[in-house]
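Text of the file input_15.tsv, holding TSV, C-alpha atoms:
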chain	number	residue	atom	x	y	z
A	7	MET	CA	0.69	-22.67	15.60
A	8	GLY	CA	-2.69	-21.30	14.50
A	9	GLN	CA	-3.60	-17.98	12.95
A	10	ASP	CA	-4.76	-16.42	16.23
A	11	ALA	CA	-1.73	-17.59	18.21
A	12	LEU	CA	0.65	-16.34	15.50
A	13	TYR	CA	-1.02	-12.95	15.44
A	14	GLN	CA	-0.93	-12.68	19.23
A	15	GLN	CA	2.76	-13.59	19.27
A	16	ALA	CA	3.50	-11.07	16.52
A	17	ALA	CA	1.50	-8.33	18.23
A	18	ALA	CA	3.22	-8.99	21.56
A	19	THR	CA	6.71	-9.04	20.04
A	20	PHE	CA	6.44	-6.34	17.38
A	21	GLY	CA	3.46	-4.28	18.53
A	22	ARG	CA	5.48	-1.29	19.70
A	23	ALA	CA	7.69	-1.39	16.58
A	24	LEU	CA	4.54	-1.38	14.44
A	25	ASP	CA	3.24	1.65	16.34
A	26	ARG	CA	6.50	3.46	15.61
A	27	LEU	CA	6.34	2.38	11.97
A	28	VAL	CA	2.82	3.76	11.55
A	29	ARG	CA	4.01	7.10	12.97
A	30	THR	CA	6.40	7.50	10.05
A	31	TYR	CA	3.72	6.83	7.45
A	32	GLU	CA	0.86	8.98	8.72
A	33	ALA	CA	1.02	12.28	10.62
A	34	ASP	CA	-2.71	12.70	11.22
A	35	PRO	CA	-3.67	10.92	14.50
A	36	ASP	CA	-7.07	9.68	13.25
A	37	LYS	CA	-5.72	8.38	9.98
A	38	ARG	CA	-2.81	6.89	11.90
A	39	ARG	CA	-5.21	4.87	14.01
A	40	ASP	CA	-7.02	3.68	10.86
A	41	LEU	CA	-3.74	2.71	9.21
A	42	SER	CA	-2.62	0.87	12.33
A	43	GLN	CA	-5.86	-1.11	12.44
A	44	GLU	CA	-5.53	-1.84	8.73
A	45	ILE	CA	-2.03	-3.24	9.31
A	46	HIS	CA	-3.17	-5.39	12.24
A	47	LEU	CA	-6.10	-6.71	10.21
A	48	ALA	CA	-3.85	-7.52	7.22
A	49	LEU	CA	-1.40	-9.19	9.55
A	50	TRP	CA	-4.05	-11.36	11.17
A	51	ARG	CA	-5.53	-12.31	7.81
A	52	SER	CA	-2.10	-13.02	6.34
A	53	PHE	CA	-1.32	-15.60	9.03
A	54	ALA	CA	-3.97	-17.86	7.50
A	55	GLY	CA	-1.38	-18.51	4.77
A	56	TRP	CA	1.64	-18.82	7.06
A	57	LYS	CA	3.76	-21.90	6.37
A	58	GLY	CA	7.02	-20.70	7.88
A	59	GLN	CA	8.26	-19.33	4.54
A	60	CYS	CA	10.43	-16.77	6.35
A	61	SER	CA	11.06	-15.55	9.87
A	62	LEU	CA	8.17	-14.09	11.82
A	63	ARG	CA	9.93	-10.71	11.92
A	64	THR	CA	10.38	-10.60	8.14
A	65	TRP	CA	6.74	-11.58	7.63
A	66	VAL	CA	5.44	-8.94	10.03
A	67	TYR	CA	7.57	-6.14	8.62
A	68	ARG	CA	6.77	-7.00	5.01
A	69	VAL	CA	3.04	-6.94	5.67
A	70	ALA	CA	3.29	-3.71	7.67
A	71	HIS	CA	5.53	-1.93	5.19
A	72	ASN	CA	3.49	-3.05	2.19
A	73	VAL	CA	0.16	-1.95	3.68
A	74	ALA	CA	1.73	1.35	4.74
A	75	ALA	CA	3.36	1.87	1.33
A	76	SER	CA	-0.05	1.46	-0.34
A	77	HIS	CA	-1.35	4.08	2.04
A	78	VAL	CA	1.49	6.46	1.12
A	79	ILE	CA	0.91	5.97	-2.61
A	80	GLN	CA	-2.80	6.71	-2.21
A	81	GLN	CA	-2.14	9.74	0.01
A	82	ARG	CA	0.49	11.06	-2.37
A	83	ARG	CA	-2.01	10.88	-5.19
A	84	ALA	CA	-4.54	12.75	-3.07
A	85	LYS	CA	-2.15	15.42	-1.76
A	86	ASP	CA	0.23	15.58	-4.73
A	87	GLN	CA	3.04	15.21	-2.20
A	88	VAL	CA	6.67	15.13	-3.37
A	89	LEU	CA	8.91	12.59	-1.64
A	90	THR	CA	12.68	12.40	-1.84
A	91	SER	CA	15.25	9.60	-1.86
A	92	ILE	CA	18.20	9.00	0.45
A	93	GLU	CA	20.54	9.81	-2.45
A	94	GLU	CA	18.81	13.16	-3.12
A	95	LEU	CA	18.69	13.99	0.58
A	96	GLU	CA	22.42	13.40	0.92
A	97	HIS	CA	23.12	16.18	-1.55
A	98	LEU	CA	20.70	18.72	-0.13
A	99	PRO	CA	22.11	21.54	2.03
A	100	ASP	CA	21.91	21.15	5.80
A	101	PRO	CA	18.53	21.97	7.32
A	102	SER	CA	18.30	25.59	8.44
A	103	VAL	CA	16.21	24.87	11.54
A	104	SER	CA	17.85	25.59	14.85
A	105	ARG	CA	19.59	22.66	16.44
A	106	SER	CA	17.88	21.86	19.67
A	107	ALA	CA	19.20	19.78	22.53
A	108	ASP	CA	15.67	18.80	23.41
A	109	ILE	CA	14.96	15.12	22.87
A	110	ARG	CA	11.41	15.82	21.72
A	111	HIS	CA	12.65	18.19	19.02
A	112	ALA	CA	15.29	15.68	17.95
A	113	LEU	CA	12.57	13.04	17.60
A	114	GLU	CA	10.34	15.39	15.64
A	115	ARG	CA	13.17	16.20	13.25
A	116	LEU	CA	14.02	12.54	12.86
A	117	LEU	CA	10.37	11.78	12.18
A	118	GLY	CA	10.18	14.62	9.66
A	119	LEU	CA	13.26	13.31	7.89
A	120	VAL	CA	11.86	9.77	7.66
A	121	GLN	CA	8.44	11.02	6.51
A	122	SER	CA	10.02	12.97	3.65
A	123	LEU	CA	11.52	9.82	2.12
A	124	LYS	CA	10.13	7.62	-0.63
A	125	PRO	CA	8.53	4.41	0.69
A	126	LEU	CA	11.43	2.08	-0.11
A	127	ASP	CA	14.05	4.37	1.45
A	128	ARG	CA	11.71	4.96	4.37
A	129	GLN	CA	11.60	1.21	4.92
A	130	VAL	CA	15.39	1.00	4.92
A	131	ILE	CA	15.95	3.86	7.38
A	132	LEU	CA	13.14	2.66	9.62
A	133	SER	CA	14.56	-0.86	9.76
A	134	TYR	CA	17.98	0.62	10.47
A	135	LEU	CA	16.57	2.66	13.35
A	136	GLU	CA	14.88	-0.48	14.67
A	137	GLY	CA	18.35	-2.00	14.95
A	138	MET	CA	18.32	-4.48	12.06
A	139	ASP	CA	21.42	-5.42	10.09
A	140	ALA	CA	21.83	-5.05	6.32
A	141	ALA	CA	21.01	-8.72	5.59
A	142	SER	CA	17.72	-8.61	7.54
A	143	ILE	CA	16.73	-5.31	5.94
A	144	GLY	CA	17.56	-6.73	2.50
A	145	GLU	CA	15.34	-9.75	3.13
A	146	ILE	CA	12.39	-7.53	4.05
A	147	VAL	CA	12.86	-4.86	1.41
A	148	GLY	CA	14.13	-7.00	-1.48
A	149	LEU	CA	17.45	-5.23	-2.03
A	150	SER	CA	20.85	-6.93	-1.89
A	151	PRO	CA	22.72	-6.59	1.44
A	152	GLY	CA	25.41	-4.60	-0.40
A	153	ASN	CA	22.85	-2.16	-1.71
A	154	VAL	CA	21.31	-1.83	1.75
A	155	ALA	CA	24.76	-1.28	3.29
A	156	THR	CA	25.38	1.58	0.85
A	157	LYS	CA	22.06	3.14	1.75
A	158	ILE	CA	22.83	2.76	5.47
A	159	HIS	CA	26.18	4.47	4.96
A	160	ARG	CA	24.36	7.39	3.32
A	161	ILE	CA	21.76	7.42	6.09
A	162	LYS	CA	24.53	7.70	8.68
A	163	ASN	CA	26.02	10.66	6.80
A	164	ILE	CA	22.66	12.38	6.65
A	165	LEU	CA	21.97	11.75	10.34
A	166	ALA	CA	25.42	13.07	11.18
A	167	ARG	CA	24.72	16.29	9.31
A	168	TRP	CA	21.26	16.69	10.76
A	169	PHE	CA	21.88	15.71	14.35
A	170	GLN	CA	25.53	15.95	15.24
A	171	GLU	CA	27.04	19.30	15.81
A	172	GLY	CA	28.55	19.41	19.23
A	173	GLY	CA	26.25	17.25	21.29
A	174	ARG	CA	24.30	14.11	21.93
A	175	TYR	CA	21.18	15.03	20.00
A	176	GLY	CA	22.57	17.85	17.96
A	177	GLU	CA	22.48	20.77	20.34
B	21	MET	CA	33.96	12.80	20.61
B	22	GLU	CA	31.75	15.74	19.94
B	23	ASN	CA	31.42	15.51	16.18
B	24	GLU	CA	31.10	11.77	15.84
B	25	VAL	CA	27.98	10.31	14.27
B	26	PRO	CA	25.58	9.19	17.01
B	27	PRO	CA	23.58	6.51	15.18
B	28	ASP	CA	23.22	4.32	18.22
B	29	ASN	CA	21.99	7.26	20.28
B	30	LEU	CA	19.42	7.97	17.60
B	31	LYS	CA	18.43	4.32	17.50
B	32	ASP	CA	17.91	4.36	21.28
B	33	LEU	CA	16.00	7.61	21.00
B	34	TRP	CA	13.84	6.14	18.25
B	35	GLN	CA	13.16	2.83	19.95
B	36	ASN	CA	12.36	4.38	23.34
B	37	GLN	CA	9.96	7.06	22.11
B	38	ASN	CA	6.46	7.17	23.55
B	39	VAL	CA	3.84	6.05	21.05
B	40	GLU	CA	0.16	5.51	21.48
B	41	PRO	CA	-0.24	1.72	21.49
B	42	ILE	CA	-2.90	0.25	19.21
B	43	VAL	CA	-4.33	-2.96	20.58
B	44	MET	CA	-6.90	-4.99	18.69
B	45	SER	CA	-8.61	-7.98	20.22
B	46	LEU	CA	-9.21	-11.13	18.18
B	47	GLU	CA	-12.96	-10.44	18.34
B	48	GLU	CA	-12.43	-6.98	16.87
B	49	LEU	CA	-10.23	-8.41	14.10
B	50	ARG	CA	-12.84	-11.03	13.24
B	51	ARG	CA	-15.58	-8.40	13.19
B	52	LYS	CA	-13.59	-6.11	10.88
B	53	ALA	CA	-12.65	-9.04	8.60
B	54	ALA	CA	-16.32	-10.04	8.42
B	55	GLU	CA	-17.30	-6.44	7.56
B	56	PHE	CA	-14.68	-6.38	4.82
B	57	GLN	CA	-15.88	-9.66	3.32
B	58	LYS	CA	-19.49	-8.50	3.51
B	59	ARG	CA	-18.56	-5.33	1.63
B	60	ILE	CA	-16.84	-7.37	-1.08
B	61	ARG	CA	-19.82	-9.73	-1.37
B	62	HIS	CA	-22.22	-6.79	-1.73
B	63	ARG	CA	-19.98	-5.22	-4.35
B	64	ASN	CA	-19.84	-8.48	-6.29
B	65	LEU	CA	-23.60	-8.98	-6.03
B	66	ARG	CA	-24.18	-5.45	-7.33
B	67	GLU	CA	-21.84	-6.07	-10.26
B	68	TYR	CA	-23.46	-9.43	-11.08
B	69	VAL	CA	-26.93	-7.85	-11.09
B	70	ALA	CA	-25.75	-4.95	-13.27
B	71	SER	CA	-24.02	-7.40	-15.63
B	72	GLY	CA	-27.20	-9.46	-15.81
B	73	VAL	CA	-29.22	-6.39	-16.79
B	74	VAL	CA	-26.65	-5.52	-19.49
B	75	LEU	CA	-26.69	-9.09	-20.83
B	76	VAL	CA	-30.49	-9.15	-21.07
B	77	ALA	CA	-30.75	-5.65	-22.57
B	78	PHE	CA	-28.05	-6.12	-25.19
B	79	SER	CA	-29.24	-9.60	-26.09
B	80	TYR	CA	-32.58	-7.96	-26.85
B	81	TYR	CA	-30.86	-5.20	-28.92
B	82	LEU	CA	-28.89	-7.88	-30.75
B	83	TRP	CA	-32.11	-9.66	-31.68
B	84	ARG	CA	-34.15	-6.51	-32.32
B	85	PHE	CA	-31.60	-4.38	-34.25
B	86	PRO	CA	-29.44	-6.53	-36.54
B	87	ALA	CA	-27.50	-3.45	-37.74
B	88	MET	CA	-25.94	-3.14	-34.27
B	89	ARG	CA	-24.92	-6.79	-34.17
B	90	LEU	CA	-21.17	-6.25	-33.87
B	91	ALA	CA	-21.34	-3.51	-31.23
B	92	CYS	CA	-23.82	-5.49	-29.13
B	93	SER	CA	-21.75	-8.65	-29.43
B	94	LEU	CA	-18.66	-6.83	-28.20
B	95	ILE	CA	-20.53	-5.42	-25.23
B	96	LEU	CA	-21.91	-8.85	-24.37
B	97	ALA	CA	-18.41	-10.35	-24.64
B	98	GLY	CA	-16.95	-7.60	-22.46
B	99	THR	CA	-19.66	-8.06	-19.86
B	100	LEU	CA	-19.02	-11.80	-19.73
B	101	TYR	CA	-15.31	-11.04	-19.29
B	102	VAL	CA	-16.11	-8.71	-16.40
B	103	MET	CA	-18.20	-11.45	-14.76
B	104	TYR	CA	-15.36	-13.94	-15.25
B	105	GLN	CA	-12.90	-11.52	-13.60
B	106	LEU	CA	-15.29	-11.05	-10.71
B	107	HIS	CA	-15.69	-14.79	-10.29
B	108	THR	CA	-11.98	-15.62	-10.40
B	109	LYS	CA	-10.37	-12.60	-8.73
B	110	GLY	CA	-13.08	-10.83	-6.82
B	111	ALA	CA	-13.96	-13.53	-4.34
B	112	ALA	CA	-14.34	-12.38	-0.73
B	113	LYS	CA	-12.14	-15.16	0.56
B	114	VAL	CA	-8.89	-13.63	-0.77
B	115	VAL	CA	-6.21	-13.71	1.93
B	116	PRO	CA	-3.45	-11.09	1.74
B	117	GLU	CA	-0.57	-13.50	2.30
B	118	SER	CA	1.07	-12.05	-0.82
B	119	LEU	CA	1.66	-8.98	1.34
B	120	ALA	CA	4.18	-11.06	3.27
B	121	LEU	CA	5.51	-13.19	0.43
B	122	ASP	CA	6.35	-10.17	-1.73
B	123	THR	CA	9.39	-8.15	-0.78
B	124	CYS	CA	8.70	-4.45	-0.34
B	125	LEU	CA	10.47	-3.73	-3.63
B	126	ALA	CA	8.33	-6.20	-5.60
B	127	PHE	CA	5.16	-5.01	-3.91
B	128	HIS	CA	6.02	-1.37	-4.51
B	129	GLN	CA	6.69	-1.99	-8.20
B	130	ARG	CA	3.38	-3.82	-8.57
B	131	GLU	CA	1.53	-1.02	-6.78
B	132	LEU	CA	3.05	1.60	-9.05
B	133	GLU	CA	2.19	-0.46	-12.13
B	134	ARG	CA	-1.38	-0.77	-10.92
B	135	GLN	CA	-1.60	2.96	-10.28
B	136	ARG	CA	-0.17	3.58	-13.76
B	137	ASP	CA	-2.80	1.29	-15.31
B	138	LEU	CA	-5.52	3.05	-13.38
B	139	GLU	CA	-4.28	6.47	-14.46
B	140	MET	CA	-4.00	5.30	-18.05
B	141	VAL	CA	-7.60	4.17	-18.07
B	142	SER	CA	-8.77	7.21	-16.13
B	143	SER	CA	-7.15	9.56	-18.57
B	144	ALA	CA	-8.96	7.86	-21.46
B	145	PHE	CA	-12.30	7.73	-19.65
B	146	CYS	CA	-12.50	9.79	-16.48
B	147	SER	CA	-15.09	7.60	-14.84
B	148	ARG	CA	-17.27	4.63	-15.35
B	149	ALA	CA	-20.03	7.07	-16.24
B	150	ASP	CA	-18.00	8.08	-19.24
B	151	CYS	CA	-17.70	4.44	-20.20
B	152	VAL	CA	-21.44	4.06	-20.07
B	153	ARG	CA	-21.92	7.24	-22.08
B	154	CYS	CA	-19.43	5.95	-24.59
B	155	ARG	CA	-21.26	2.65	-24.73
B	156	ASN	CA	-24.48	4.47	-25.47
B	157	ALA	CA	-22.72	6.49	-28.13
B	158	SER	CA	-21.53	3.30	-29.75
B	159	ILE	CA	-25.11	2.13	-29.98
B	160	ASN	CA	-26.26	5.40	-31.46
B	161	ARG	CA	-23.42	5.53	-33.96
B	162	MET	CA	-23.28	1.80	-34.43
B	163	ASP	CA	-19.51	2.06	-34.10
B	164	PRO	CA	-17.99	-1.23	-32.94
B	165	ARG	CA	-14.57	0.38	-32.28
B	166	ILE	CA	-15.99	2.67	-29.60
B	167	ALA	CA	-17.96	-0.22	-28.15
B	168	PHE	CA	-14.83	-2.34	-27.94
B	169	HIS	CA	-12.85	0.50	-26.34
B	170	SER	CA	-15.52	1.21	-23.77
B	171	VAL	CA	-15.91	-2.43	-22.80
B	172	LEU	CA	-12.16	-2.77	-22.49
B	173	CYS	CA	-11.99	0.27	-20.22
B	174	CYS	CA	-14.85	-1.00	-18.05
B	175	SER	CA	-13.07	-4.33	-17.71
B	176	VAL	CA	-9.71	-2.78	-16.76
B	177	LEU	CA	-11.38	-0.42	-14.29
B	178	LEU	CA	-13.24	-3.27	-12.68
B	179	ARG	CA	-10.12	-5.40	-12.50
B	180	VAL	CA	-8.22	-2.59	-10.76
B	181	GLU	CA	-11.14	-2.15	-8.36
B	182	ILE	CA	-11.20	-5.86	-7.60
B	183	GLU	CA	-7.46	-5.93	-6.90
B	184	GLN	CA	-7.69	-2.88	-4.66
B	185	ALA	CA	-10.71	-4.18	-2.77
B	186	SER	CA	-9.14	-7.61	-2.33
B	187	GLY	CA	-6.22	-5.99	-0.55

Written as structure tokens, how would this file's structure read?
Amino acid sequence: MGQDALYQQAAATFGRALDRLVRTYEADPDKRRDLSQEIHLALWRSFAGWKGQCSLRTWVYRVAHNVAASHVIQQRRAKDQVLTSIEELEHLPDPSVSRSADIRHALERLLGLVQSLKPLDRQVILSYLEGMDAASIGEIVGLSPGNVATKIHRIKNILARWFQEGGRYGE
Amino acid sequence: MENEVPPDNLKDLWQNQNVEPIVMSLEELRRKAAEFQKRIRHRNLREYVASGVVLVAFSYYLWRFPAMRLACSLILAGTLYVMYQLHTKGAAKVVPESLALDTCLAFHQRELERQRDLEMVSSAFCSRADCVRCRNASINRMDPRIAFHSVLCCSVLLRVEIEQASG
């Protein structure tokens, strides 16, 4: 399969997931569009070197996460932004914001939580939310499945504290 | 169960959210890739011309002012190194397949190392202008140590730029 066909297949299969991924890396709509285009361009260019080294999903997510992580590192330098890790977040007190039953608010809070994480932890939680198992996440991120499983366990605890107190989306 | 963790609910919520879809046609991708390669080619051309001017000028100084022989030689060597780096690593044809072959962890570590190198050089010489000023100072003072340092910084800065521009 050629470069164009591979890109088209990847865009058709993972396009919406990539749009969600970009949302967690950039809050500004204009910059988000630029980052998204940058990821698509990198993806298309990368397929020139595709020899089936890994699954298409792993390839797509690695390219997307790596381009986005570069973006985060550059932005962090520009904004002097402080990011946290899953381990640090687990030990922070519960958020004081009111718990809303509204789905939109739940999504915003989830997005805020993901955006506050360091790139590597962001990649783990994002892959978890996209429904991947520990082995698949480990292959993309480069951590052992055991390490990923530990992080997922912590993520579940954090999500429970942030979103579960008497209702479906934390009302 | 009211207080049970709802990870699957959150996964559904996450996966079914409305996001603005970004669609890029193949023509648009080719146009943007061509623009990128053109930018890299122009950058390289600019650097080659600047390096050529430096080579000619410092070859003249080397011949005209024997007392500055060591400093001029170091600058010429550094400039040739910069041109070599440009030739081997700054080509416009670089394809970012390493983005997919590197795991996120490996890529992230490399990015942080690159940023550290850049900051290290930046803290020594805030900009390329400082490097040039330093180079001039080395000529005035005939100090080969400063010349060597400045050429080294220029080379590292350029290498970081090449890596960043090559994506």

Could you give me, as a tab-separated table, a per-residue list for chain A showing, wherever an atom lies at most 7 Å from an atom of chain B, the closest pair of atoms and their distance in Å to one decimal, using only C-alpha atoms and sorting by chain then residue number from low to high?
residue	atom	partner	partner_atom	distance
A:Arg22	CA	B:Pro41	CA	6.7
A:Asp25	CA	B:Pro41	CA	6.2
A:Arg26	CA	B:Val39	CA	6.6
A:Ser42	CA	B:Ile42	CA	6.9
A:Leu47	CA	B:Leu49	CA	5.9
A:Ala48	CA	B:Pro116	CA	6.6
A:Arg51	CA	B:Val115	CA	6.1
A:Ser52	CA	B:Glu117	CA	4.3
A:Gly55	CA	B:Glu117	CA	5.6
A:Trp65	CA	B:Ala120	CA	5.1
A:Arg68	CA	B:Ala120	CA	5.1
A:Val69	CA	B:Ala120	CA	4.9
A:His71	CA	B:Cys124	CA	6.9
A:Asn72	CA	B:Cys124	CA	6.0
A:Leu126	CA	B:Leu125	CA	6.9
A:Leu135	CA	B:Lys31	CA	4.8
A:Glu136	CA	B:Gln35	CA	6.5
A:Gly137	CA	B:Lys31	CA	6.8
A:Ile146	CA	B:Thr123	CA	5.7
A:Val147	CA	B:Cys124	CA	4.5
A:Gly148	CA	B:Thr123	CA	4.9
A:Lys162	CA	B:Pro27	CA	6.7
A:Ala166	CA	B:Val25	CA	4.9
A:Gln170	CA	B:Asn23	CA	6.0
A:Glu171	CA	B:Asn23	CA	5.8
A:Gly172	CA	B:Glu22	CA	4.9
A:Gly173	CA	B:Glu22	CA	5.9

| request: For segment 10-12 of chain A, please output as a list in words all residues within 9 Å (counting only C-alpha atoms; exclusion window: fewer than 5 positions along the same chain). | output: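 Returned residues: Ala17, Trp50, Phe53, Ala54, Trp56 and Leu62 of chain A; Leu46 of chain B.
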
| task | For atom CA of Cys60 of chain A and atom CA of Leu27 of chain A, determine how far apart the two atoms are, in Å to one decimal place. | result |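 Interatomic distance, atom CA of Cys60 of chain A to atom CA of Leu27 of chain A: 20.4 Å.
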
| For the atom pair atom CA of Thr90 of chain A and atom CA of Asn153 of chain A, what is the interatomic distance in Å to one decimal place? | 17.8 Å

| request: Would you mind telling me which residue in A:Ile45, A:Val120, A:Met7, A:Val66 lies nearest to Thr30 of chain A when using only C-alpha atoms? | output: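 So, comparing all the options, the nearest one is A:Val120.
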
| query | Interatomic distance between atom CA of Gln129 of chain A and atom CA of Gly144 of chain A? | reply |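 It comes out at 10.2 Å.
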
| task | Select, from A:Leu41, A:Val154, A:His77, A:Tyr31, the residue with the minimum atom-to-atom distance to Met138 of chain A, counting only C-alpha atoms. | result |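 So, comparing all the options, the nearest one is A:Val154.
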
| message | Could you list, as a list in words, every residue within 9 Å of Ser122 of chain A, counting all atoms listed in the file and ignoring same-chain residues fewer than 6 positions away? | response |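 Listed by chain and then number, they are Val88, Leu89, Thr90, Ser91 and Arg128 of chain A.
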
Got a minute to add N, CA and C atoms to segment 54-78 of chain B and dump it as an mmCIF file, in the coordinates of the input?
data_model
loop_
_atom_site.group_PDB
_atom_site.id
_atom_site.type_symbol
_atom_site.label_atom_id
_atom_site.label_comp_id
_atom_site.auth_asym_id
_atom_site.auth_seq_id
_atom_site.Cartn_x
_atom_site.Cartn_y
_atom_site.Cartn_z
ATOM 1 N N ALA B 54 -14.981 -9.681 8.893
ATOM 2 C CA ALA B 54 -16.320 -10.040 8.420
ATOM 3 C C ALA B 54 -16.961 -8.863 7.684
ATOM 4 N N GLU B 55 -16.765 -7.654 8.219
ATOM 5 C CA GLU B 55 -17.300 -6.440 7.560
ATOM 6 C C GLU B 55 -16.694 -6.280 6.171
ATOM 7 N N PHE B 56 -15.386 -6.514 6.101
ATOM 8 C CA PHE B 56 -14.680 -6.380 4.820
ATOM 9 C C PHE B 56 -15.237 -7.385 3.803
ATOM 10 N N GLN B 57 -15.388 -8.633 4.243
ATOM 11 C CA GLN B 57 -15.880 -9.660 3.320
ATOM 12 C C GLN B 57 -17.318 -9.384 2.901
ATOM 13 N N LYS B 58 -18.103 -8.836 3.835
ATOM 14 C CA LYS B 58 -19.490 -8.500 3.510
ATOM 15 C C LYS B 58 -19.530 -7.404 2.440
ATOM 16 N N ARG B 59 -18.620 -6.432 2.600
ATOM 17 C CA ARG B 59 -18.560 -5.330 1.630
ATOM 18 C C ARG B 59 -18.208 -5.856 0.245
ATOM 19 N N ILE B 60 -17.253 -6.787 0.215
ATOM 20 C CA ILE B 60 -16.840 -7.370 -1.080
ATOM 21 C C ILE B 60 -18.000 -8.166 -1.695
ATOM 22 N N ARG B 61 -18.689 -8.927 -0.857
ATOM 23 C CA ARG B 61 -19.820 -9.730 -1.370
ATOM 24 C C ARG B 61 -20.902 -8.835 -1.951
ATOM 25 N N HIS B 62 -21.203 -7.732 -1.241
ATOM 26 C CA HIS B 62 -22.220 -6.790 -1.730
ATOM 27 C C HIS B 62 -21.786 -6.169 -3.047
ATOM 28 N N ARG B 63 -20.502 -5.804 -3.112
ATOM 29 C CA ARG B 63 -19.980 -5.220 -4.350
ATOM 30 C C ARG B 63 -20.135 -6.204 -5.498
ATOM 31 N N ASN B 64 -19.747 -7.454 -5.244
ATOM 32 C CA ASN B 64 -19.840 -8.480 -6.290
ATOM 33 C C ASN B 64 -21.276 -8.708 -6.717
ATOM 34 N N LEU B 65 -22.178 -8.767 -5.730
ATOM 35 C CA LEU B 65 -23.600 -8.980 -6.030
ATOM 36 C C LEU B 65 -24.126 -7.861 -6.922
ATOM 37 N N ARG B 66 -23.748 -6.625 -6.559
ATOM 38 C CA ARG B 66 -24.180 -5.450 -7.330
ATOM 39 C C ARG B 66 -23.683 -5.555 -8.772
ATOM 40 N N GLU B 67 -22.413 -5.957 -8.919
ATOM 41 C CA GLU B 67 -21.840 -6.070 -10.260
ATOM 42 C C GLU B 67 -22.501 -7.199 -11.060
ATOM 43 N N TYR B 68 -22.813 -8.306 -10.392
ATOM 44 C CA TYR B 68 -23.460 -9.430 -11.080
ATOM 45 C C TYR B 68 -24.853 -9.014 -11.576
ATOM 46 N N VAL B 69 -25.582 -8.289 -10.710
ATOM 47 C CA VAL B 69 -26.930 -7.850 -11.090
ATOM 48 C C VAL B 69 -26.844 -6.887 -12.281
ATOM 49 N N ALA B 70 -25.914 -5.923 -12.184
ATOM 50 C CA ALA B 70 -25.750 -4.950 -13.270
ATOM 51 C C ALA B 70 -25.353 -5.659 -14.572
ATOM 52 N N SER B 71 -24.458 -6.651 -14.438
ATOM 53 C CA SER B 71 -24.020 -7.400 -15.630
ATOM 54 C C SER B 71 -25.194 -8.171 -16.229
ATOM 55 N N GLY B 72 -26.029 -8.722 -15.344
ATOM 56 C CA GLY B 72 -27.200 -9.460 -15.810
ATOM 57 C C GLY B 72 -28.141 -8.573 -16.613
ATOM 58 N N VAL B 73 -28.358 -7.343 -16.094
ATOM 59 C CA VAL B 73 -29.220 -6.390 -16.790
ATOM 60 C C VAL B 73 -28.638 -6.064 -18.172
ATOM 61 N N VAL B 74 -27.317 -5.833 -18.213
ATOM 62 C CA VAL B 74 -26.650 -5.520 -19.490
ATOM 63 C C VAL B 74 -26.800 -6.691 -20.463
ATOM 64 N N LEU B 75 -26.601 -7.909 -19.956
ATOM 65 C CA LEU B 75 -26.690 -9.090 -20.830
ATOM 66 C C LEU B 75 -28.091 -9.215 -21.437
ATOM 67 N N VAL B 76 -29.107 -9.026 -20.583
ATOM 68 C CA VAL B 76 -30.490 -9.150 -21.070
ATOM 69 C C VAL B 76 -30.792 -8.047 -22.088
ATOM 70 N N ALA B 77 -30.424 -6.795 -21.713
ATOM 71 C CA ALA B 77 -30.750 -5.650 -22.570
ATOM 72 C C ALA B 77 -30.059 -5.761 -23.939
ATOM 73 N N PHE B 78 -28.765 -6.104 -23.920
ATOM 74 C CA PHE B 78 -28.050 -6.120 -25.190
ATOM 75 C C PHE B 78 -28.329 -7.379 -26.008
#
